[in-house]
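Colleague: My questions will all concern the structure given below.
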Amino acid sequence: MRYILLAILSVVIISCGAQSEKQKARKELVSTAKEISSTSIPEQTGIVSDLEDIFTNDEEQQLTALLNDIFDKDSTVIMVATIPYESVFPDSFNAYTLKMAQIWFADDMRSNFNVFIGLSDGHRLIRINTSLFAEKVLPDEEVEKVINDLMYPRFKERKYLEGIMDGARSMAKTIRDNRQHTKFEKL
């Protein structure tokens, strides 16, 4: 019996340690994002801001239509930005996209369920940021799964449009399916 209690206690301690590491990393990211000047963030050109010019005009229109359709169906705002190589250093990419999301969503108050997809072909990086409401129904583990299972395989083939569209559909479905069953009073 004592061994079982020790095993359970060990699992709880390990879980708490992993959670505190995650919280520490998140605080560090937010702190770094605060240091990035708002003036270094480009103006948003639409729900899709292809600053790196990786999409054709037709592809950008397809993606815009999908994201508008997602919003019309369930009020989830998904924004996409492609970020040029020269705009950011790789080690500050995550903080840069967080700052971008914060600024752009502050200007777009249509929804509390917000997802920001930042992609840099030049750096071969992607980051997905979610609002607090969206994070309750689309946790980091789900976002990581979407990136690894749906987006990366397409990106390796340089099919960015397909990867982002697949990821956006999946995240919108997860948010739609889970938001009905989640209480939001304690944010």
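Residue numbers start at 1 in each chain; chains themselves are named A, B, ... in the order of the structure tokens; ligands are numbered from 1 in the order shown.
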Leaving out Glu135 (chain A) and any residue of its chain fewer than 3 positions from it, which residues lie within 9 Å of it when counting only C-alpha atoms, given as a PyMOL selection string?
Modeller: chain A and resi 113-115+129-132+138-140+175
Colleague: Can you list every residue in region 59-91 of chain A that DSSP puts in alpha helix (DSSP H), as a ChimeraX atom specification?
Modeller: /A:59-74
Colleague: Give me, as a list of chain:residue names, the residues of region 32-117 of chain A that a backbone DSSP run labels strand (DSSP E).
Modeller: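 Written out, the strand (DSSP E) residues of region 32-117 of chain A are A:Val48, A:Ser49, A:Asp50, A:Thr76, A:Val77, A:Ile78, A:Met79, A:Val80, A:Ala81, A:Thr82, A:Phe113, A:Asn114, A:Val115, A:Phe116, A:Ile117.
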Colleague: Using only C-alpha atoms, please write the residues we just selected to a file, as a short mmCIF file (atom, residue, chain, number, x, y, z; two decimals), in the first residue's frame.
Modeller:
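Output saved as again07.cif:
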data_model
loop_
_atom_site.label_atom_id
_atom_site.label_comp_id
_atom_site.auth_asym_id
_atom_site.auth_seq_id
_atom_site.Cartn_x
_atom_site.Cartn_y
_atom_site.Cartn_z
CA VAL A 48 -4.88 36.71 -44.30
CA SER A 49 -1.77 38.89 -44.33
CA ASP A 50 0.64 37.26 -46.75
CA THR A 76 -14.35 31.93 -34.40
CA VAL A 77 -11.79 34.35 -35.81
CA ILE A 78 -8.74 32.70 -37.34
CA MET A 79 -6.07 35.04 -38.71
CA VAL A 80 -3.07 34.02 -40.77
CA ALA A 81 0.16 35.94 -41.26
CA THR A 82 3.18 34.88 -43.24
CA PHE A 113 -12.55 32.77 -29.76
CA ASN A 114 -9.42 33.83 -31.63
CA VAL A 115 -6.66 31.83 -33.28
CA PHE A 116 -3.57 33.36 -34.86
CA ILE A 117 -1.40 31.32 -37.23
#
Colleague: So, counting only C-alpha atoms, which residue among A:Pro84, A:Asp69, A:Asp53, A:Met100 is closest to Ile41 (chain A)?
Modeller: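 Checking each of A:Pro84, A:Asp69, A:Asp53, A:Met100 against Ile41 (chain A), counting only C-alpha atoms, the winner is A:Met100.
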Colleague: Out of A:Asp149, A:Gln44, A:Asn94, A:Phe71, which residue has the shortest atom-to-atom distance to Ala172 (chain A) when counting only C-alpha atoms?
Modeller: A:Phe71
Colleague: Record the distance separating CA of Lys156 (chain A) and CA of Arg176 (chain A), expressed in Å with one decimal.
Modeller: 28.5 Å
Colleague: Just want the 12 Å neighbourhood of His123 (chain A), counted on only C-alpha atoms, with same-chain residues fewer than 4 positions away dropped. Output as a PDB file with all heavy atoms, in the first residue's frame.
Modeller:
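Saved the output as selection37.pdb:
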ATOM      1  N   GLU A  52       4.906  37.509 -46.683  1.00  0.00           N
ATOM      2  CA  GLU A  52       6.045  36.792 -47.266  1.00  0.00           C
ATOM      3  C   GLU A  52       5.781  36.404 -48.727  1.00  0.00           C
ATOM      4  O   GLU A  52       6.659  35.859 -49.385  1.00  0.00           O
ATOM      5  CB  GLU A  52       6.333  35.543 -46.420  1.00  0.00           C
ATOM      6  CG  GLU A  52       7.702  34.965 -46.613  1.00  0.00           C
ATOM      7  CD  GLU A  52       7.997  33.820 -45.666  1.00  0.00           C
ATOM      8  OE1 GLU A  52       7.069  33.233 -45.082  1.00  0.00           O
ATOM      9  OE2 GLU A  52       9.184  33.490 -45.517  1.00  0.00           O
ATOM     10  N   THR A  82       1.885  35.426 -42.857  1.00  0.00           N
ATOM     11  CA  THR A  82       3.181  34.875 -43.244  1.00  0.00           C
ATOM     12  C   THR A  82       4.202  35.971 -42.977  1.00  0.00           C
ATOM     13  O   THR A  82       3.968  37.144 -43.279  1.00  0.00           O
ATOM     14  CB  THR A  82       3.198  34.434 -44.725  1.00  0.00           C
ATOM     15  OG1 THR A  82       2.970  35.563 -45.572  1.00  0.00           O
ATOM     16  CG2 THR A  82       2.141  33.364 -44.973  1.00  0.00           C
ATOM     17  N   ILE A  83       5.304  35.588 -42.397  1.00  0.00           N
ATOM     18  CA  ILE A  83       6.258  36.560 -41.859  1.00  0.00           C
ATOM     19  C   ILE A  83       7.592  36.437 -42.590  1.00  0.00           C
ATOM     20  O   ILE A  83       8.229  35.378 -42.562  1.00  0.00           O
ATOM     21  CB  ILE A  83       6.429  36.324 -40.344  1.00  0.00           C
ATOM     22  CG1 ILE A  83       5.053  36.466 -39.672  1.00  0.00           C
ATOM     23  CG2 ILE A  83       7.447  37.281 -39.758  1.00  0.00           C
ATOM     24  CD1 ILE A  83       4.973  35.883 -38.298  1.00  0.00           C
ATOM     25  N   PRO A  84       8.017  37.514 -43.246  1.00  0.00           N
ATOM     26  CA  PRO A  84       9.275  37.480 -43.997  1.00  0.00           C
ATOM     27  C   PRO A  84      10.489  37.200 -43.108  1.00  0.00           C
ATOM     28  O   PRO A  84      10.534  37.600 -41.944  1.00  0.00           O
ATOM     29  CB  PRO A  84       9.372  38.887 -44.603  1.00  0.00           C
ATOM     30  CG  PRO A  84       7.990  39.424 -44.587  1.00  0.00           C
ATOM     31  CD  PRO A  84       7.325  38.797 -43.391  1.00  0.00           C
ATOM     32  N   TYR A  85      11.451  36.549 -43.689  1.00  0.00           N
ATOM     33  CA  TYR A  85      12.689  36.161 -43.016  1.00  0.00           C
ATOM     34  C   TYR A  85      13.351  37.353 -42.331  1.00  0.00           C
ATOM     35  O   TYR A  85      13.785  37.268 -41.183  1.00  0.00           O
ATOM     36  CB  TYR A  85      13.633  35.539 -44.053  1.00  0.00           C
ATOM     37  CG  TYR A  85      14.936  35.039 -43.492  1.00  0.00           C
ATOM     38  CD1 TYR A  85      15.025  33.765 -42.936  1.00  0.00           C
ATOM     39  CD2 TYR A  85      16.079  35.830 -43.530  1.00  0.00           C
ATOM     40  CE1 TYR A  85      16.225  33.296 -42.431  1.00  0.00           C
ATOM     41  CE2 TYR A  85      17.279  35.371 -43.015  1.00  0.00           C
ATOM     42  CZ  TYR A  85      17.348  34.105 -42.471  1.00  0.00           C
ATOM     43  OH  TYR A  85      18.524  33.647 -41.958  1.00  0.00           O
ATOM     44  N   GLU A  86      13.424  38.473 -43.017  1.00  0.00           N
ATOM     45  CA  GLU A  86      14.142  39.630 -42.496  1.00  0.00           C
ATOM     46  C   GLU A  86      13.384  40.380 -41.404  1.00  0.00           C
ATOM     47  O   GLU A  86      13.933  41.279 -40.766  1.00  0.00           O
ATOM     48  CB  GLU A  86      14.526  40.599 -43.627  1.00  0.00           C
ATOM     49  CG  GLU A  86      13.355  41.171 -44.396  1.00  0.00           C
ATOM     50  CD  GLU A  86      12.814  40.265 -45.502  1.00  0.00           C
ATOM     51  OE1 GLU A  86      13.368  39.184 -45.747  1.00  0.00           O
ATOM     52  OE2 GLU A  86      11.818  40.675 -46.110  1.00  0.00           O
ATOM     53  N   SER A  87      12.138  40.011 -41.146  1.00  0.00           N
ATOM     54  CA  SER A  87      11.332  40.716 -40.142  1.00  0.00           C
ATOM     55  C   SER A  87      11.633  40.304 -38.708  1.00  0.00           C
ATOM     56  O   SER A  87      11.356  41.053 -37.778  1.00  0.00           O
ATOM     57  CB  SER A  87       9.848  40.481 -40.398  1.00  0.00           C
ATOM     58  OG  SER A  87       9.466  41.053 -41.607  1.00  0.00           O
ATOM     59  N   VAL A  88      12.176  39.101 -38.529  1.00  0.00           N
ATOM     60  CA  VAL A  88      12.331  38.585 -37.172  1.00  0.00           C
ATOM     61  C   VAL A  88      13.469  37.560 -37.129  1.00  0.00           C
ATOM     62  O   VAL A  88      13.705  36.855 -38.104  1.00  0.00           O
ATOM     63  CB  VAL A  88      11.000  37.954 -36.687  1.00  0.00           C
ATOM     64  CG1 VAL A  88      10.598  36.774 -37.543  1.00  0.00           C
ATOM     65  CG2 VAL A  88      11.044  37.580 -35.223  1.00  0.00           C
ATOM     66  N   PHE A  89      14.148  37.497 -36.000  1.00  0.00           N
ATOM     67  CA  PHE A  89      15.155  36.464 -35.778  1.00  0.00           C
ATOM     68  C   PHE A  89      14.445  35.187 -35.341  1.00  0.00           C
ATOM     69  O   PHE A  89      13.418  35.249 -34.645  1.00  0.00           O
ATOM     70  CB  PHE A  89      16.166  36.879 -34.708  1.00  0.00           C
ATOM     71  CG  PHE A  89      17.047  38.011 -35.131  1.00  0.00           C
ATOM     72  CD1 PHE A  89      16.916  39.265 -34.560  1.00  0.00           C
ATOM     73  CD2 PHE A  89      18.018  37.821 -36.104  1.00  0.00           C
ATOM     74  CE1 PHE A  89      17.719  40.319 -34.950  1.00  0.00           C
ATOM     75  CE2 PHE A  89      18.835  38.863 -36.497  1.00  0.00           C
ATOM     76  CZ  PHE A  89      18.688  40.117 -35.920  1.00  0.00           C
ATOM     77  N   PRO A  90      14.969  34.032 -35.683  1.00  0.00           N
ATOM     78  CA  PRO A  90      14.298  32.775 -35.323  1.00  0.00           C
ATOM     79  C   PRO A  90      14.060  32.615 -33.824  1.00  0.00           C
ATOM     80  O   PRO A  90      13.011  32.118 -33.413  1.00  0.00           O
ATOM     81  CB  PRO A  90      15.245  31.688 -35.828  1.00  0.00           C
ATOM     82  CG  PRO A  90      16.119  32.338 -36.825  1.00  0.00           C
ATOM     83  CD  PRO A  90      16.192  33.795 -36.465  1.00  0.00           C
ATOM     84  N   ASP A  91      15.002  33.063 -32.995  1.00  0.00           N
ATOM     85  CA  ASP A  91      14.843  32.867 -31.552  1.00  0.00           C
ATOM     86  C   ASP A  91      13.787  33.777 -30.927  1.00  0.00           C
ATOM     87  O   ASP A  91      13.369  33.561 -29.792  1.00  0.00           O
ATOM     88  CB  ASP A  91      16.178  33.010 -30.821  1.00  0.00           C
ATOM     89  CG  ASP A  91      16.836  34.368 -31.017  1.00  0.00           C
ATOM     90  OD1 ASP A  91      16.449  35.101 -31.949  1.00  0.00           O
ATOM     91  OD2 ASP A  91      17.743  34.690 -30.238  1.00  0.00           O
ATOM     92  N   SER A  92      13.325  34.784 -31.656  1.00  0.00           N
ATOM     93  CA  SER A  92      12.252  35.632 -31.131  1.00  0.00           C
ATOM     94  C   SER A  92      10.956  35.486 -31.935  1.00  0.00           C
ATOM     95  O   SER A  92      10.021  36.260 -31.754  1.00  0.00           O
ATOM     96  CB  SER A  92      12.695  37.099 -31.092  1.00  0.00           C
ATOM     97  OG  SER A  92      13.041  37.547 -32.380  1.00  0.00           O
ATOM     98  N   PHE A  93      10.891  34.478 -32.787  1.00  0.00           N
ATOM     99  CA  PHE A  93       9.711  34.264 -33.642  1.00  0.00           C
ATOM    100  C   PHE A  93       8.437  34.072 -32.820  1.00  0.00           C
ATOM    101  O   PHE A  93       7.402  34.680 -33.107  1.00  0.00           O
ATOM    102  CB  PHE A  93       9.940  33.058 -34.563  1.00  0.00           C
ATOM    103  CG  PHE A  93       8.805  32.798 -35.516  1.00  0.00           C
ATOM    104  CD1 PHE A  93       8.678  33.541 -36.677  1.00  0.00           C
ATOM    105  CD2 PHE A  93       7.862  31.814 -35.258  1.00  0.00           C
ATOM    106  CE1 PHE A  93       7.637  33.318 -37.565  1.00  0.00           C
ATOM    107  CE2 PHE A  93       6.817  31.579 -36.136  1.00  0.00           C
ATOM    108  CZ  PHE A  93       6.706  32.335 -37.293  1.00  0.00           C
ATOM    109  N   ASN A  94       8.495  33.236 -31.788  1.00  0.00           N
ATOM    110  CA  ASN A  94       7.297  32.974 -30.984  1.00  0.00           C
ATOM    111  C   ASN A  94       6.791  34.242 -30.299  1.00  0.00           C
ATOM    112  O   ASN A  94       5.592  34.523 -30.292  1.00  0.00           O
ATOM    113  CB  ASN A  94       7.559  31.883 -29.947  1.00  0.00           C
ATOM    114  CG  ASN A  94       7.727  30.517 -30.577  1.00  0.00           C
ATOM    115  OD1 ASN A  94       7.413  30.315 -31.746  1.00  0.00           O
ATOM    116  ND2 ASN A  94       8.234  29.575 -29.804  1.00  0.00           N
ATOM    117  N   GLY A 118       0.891  32.090 -37.320  1.00  0.00           N
ATOM    118  CA  GLY A 118       2.044  32.799 -37.872  1.00  0.00           C
ATOM    119  C   GLY A 118       2.980  31.793 -38.520  1.00  0.00           C
ATOM    120  O   GLY A 118       3.325  30.781 -37.918  1.00  0.00           O
ATOM    121  N   LEU A 119       3.361  32.062 -39.752  1.00  0.00           N
ATOM    122  CA  LEU A 119       4.176  31.133 -40.527  1.00  0.00           C
ATOM    123  C   LEU A 119       5.309  31.891 -41.205  1.00  0.00           C
ATOM    124  O   LEU A 119       5.098  32.974 -41.754  1.00  0.00           O
ATOM    125  CB  LEU A 119       3.295  30.464 -41.593  1.00  0.00           C
ATOM    126  CG  LEU A 119       3.978  29.655 -42.681  1.00  0.00           C
ATOM    127  CD1 LEU A 119       4.565  28.377 -42.112  1.00  0.00           C
ATOM    128  CD2 LEU A 119       3.005  29.335 -43.795  1.00  0.00           C
ATOM    129  N   ARG A 127       3.844  29.147 -35.672  1.00  0.00           N
ATOM    130  CA  ARG A 127       3.390  29.355 -34.292  1.00  0.00           C
ATOM    131  C   ARG A 127       1.894  29.623 -34.338  1.00  0.00           C
ATOM    132  O   ARG A 127       1.427  30.382 -35.183  1.00  0.00           O
ATOM    133  CB  ARG A 127       4.117  30.546 -33.669  1.00  0.00           C
ATOM    134  CG  ARG A 127       3.604  30.996 -32.343  1.00  0.00           C
ATOM    135  CD  ARG A 127       4.025  30.061 -31.245  1.00  0.00           C
ATOM    136  NE  ARG A 127       3.427  30.503 -29.979  1.00  0.00           N
ATOM    137  CZ  ARG A 127       3.718  29.985 -28.822  1.00  0.00           C
ATOM    138  NH1 ARG A 127       4.598  29.007 -28.738  1.00  0.00           N
ATOM    139  NH2 ARG A 127       3.139  30.417 -27.729  1.00  0.00           N
TER     140      ARG A 127
END
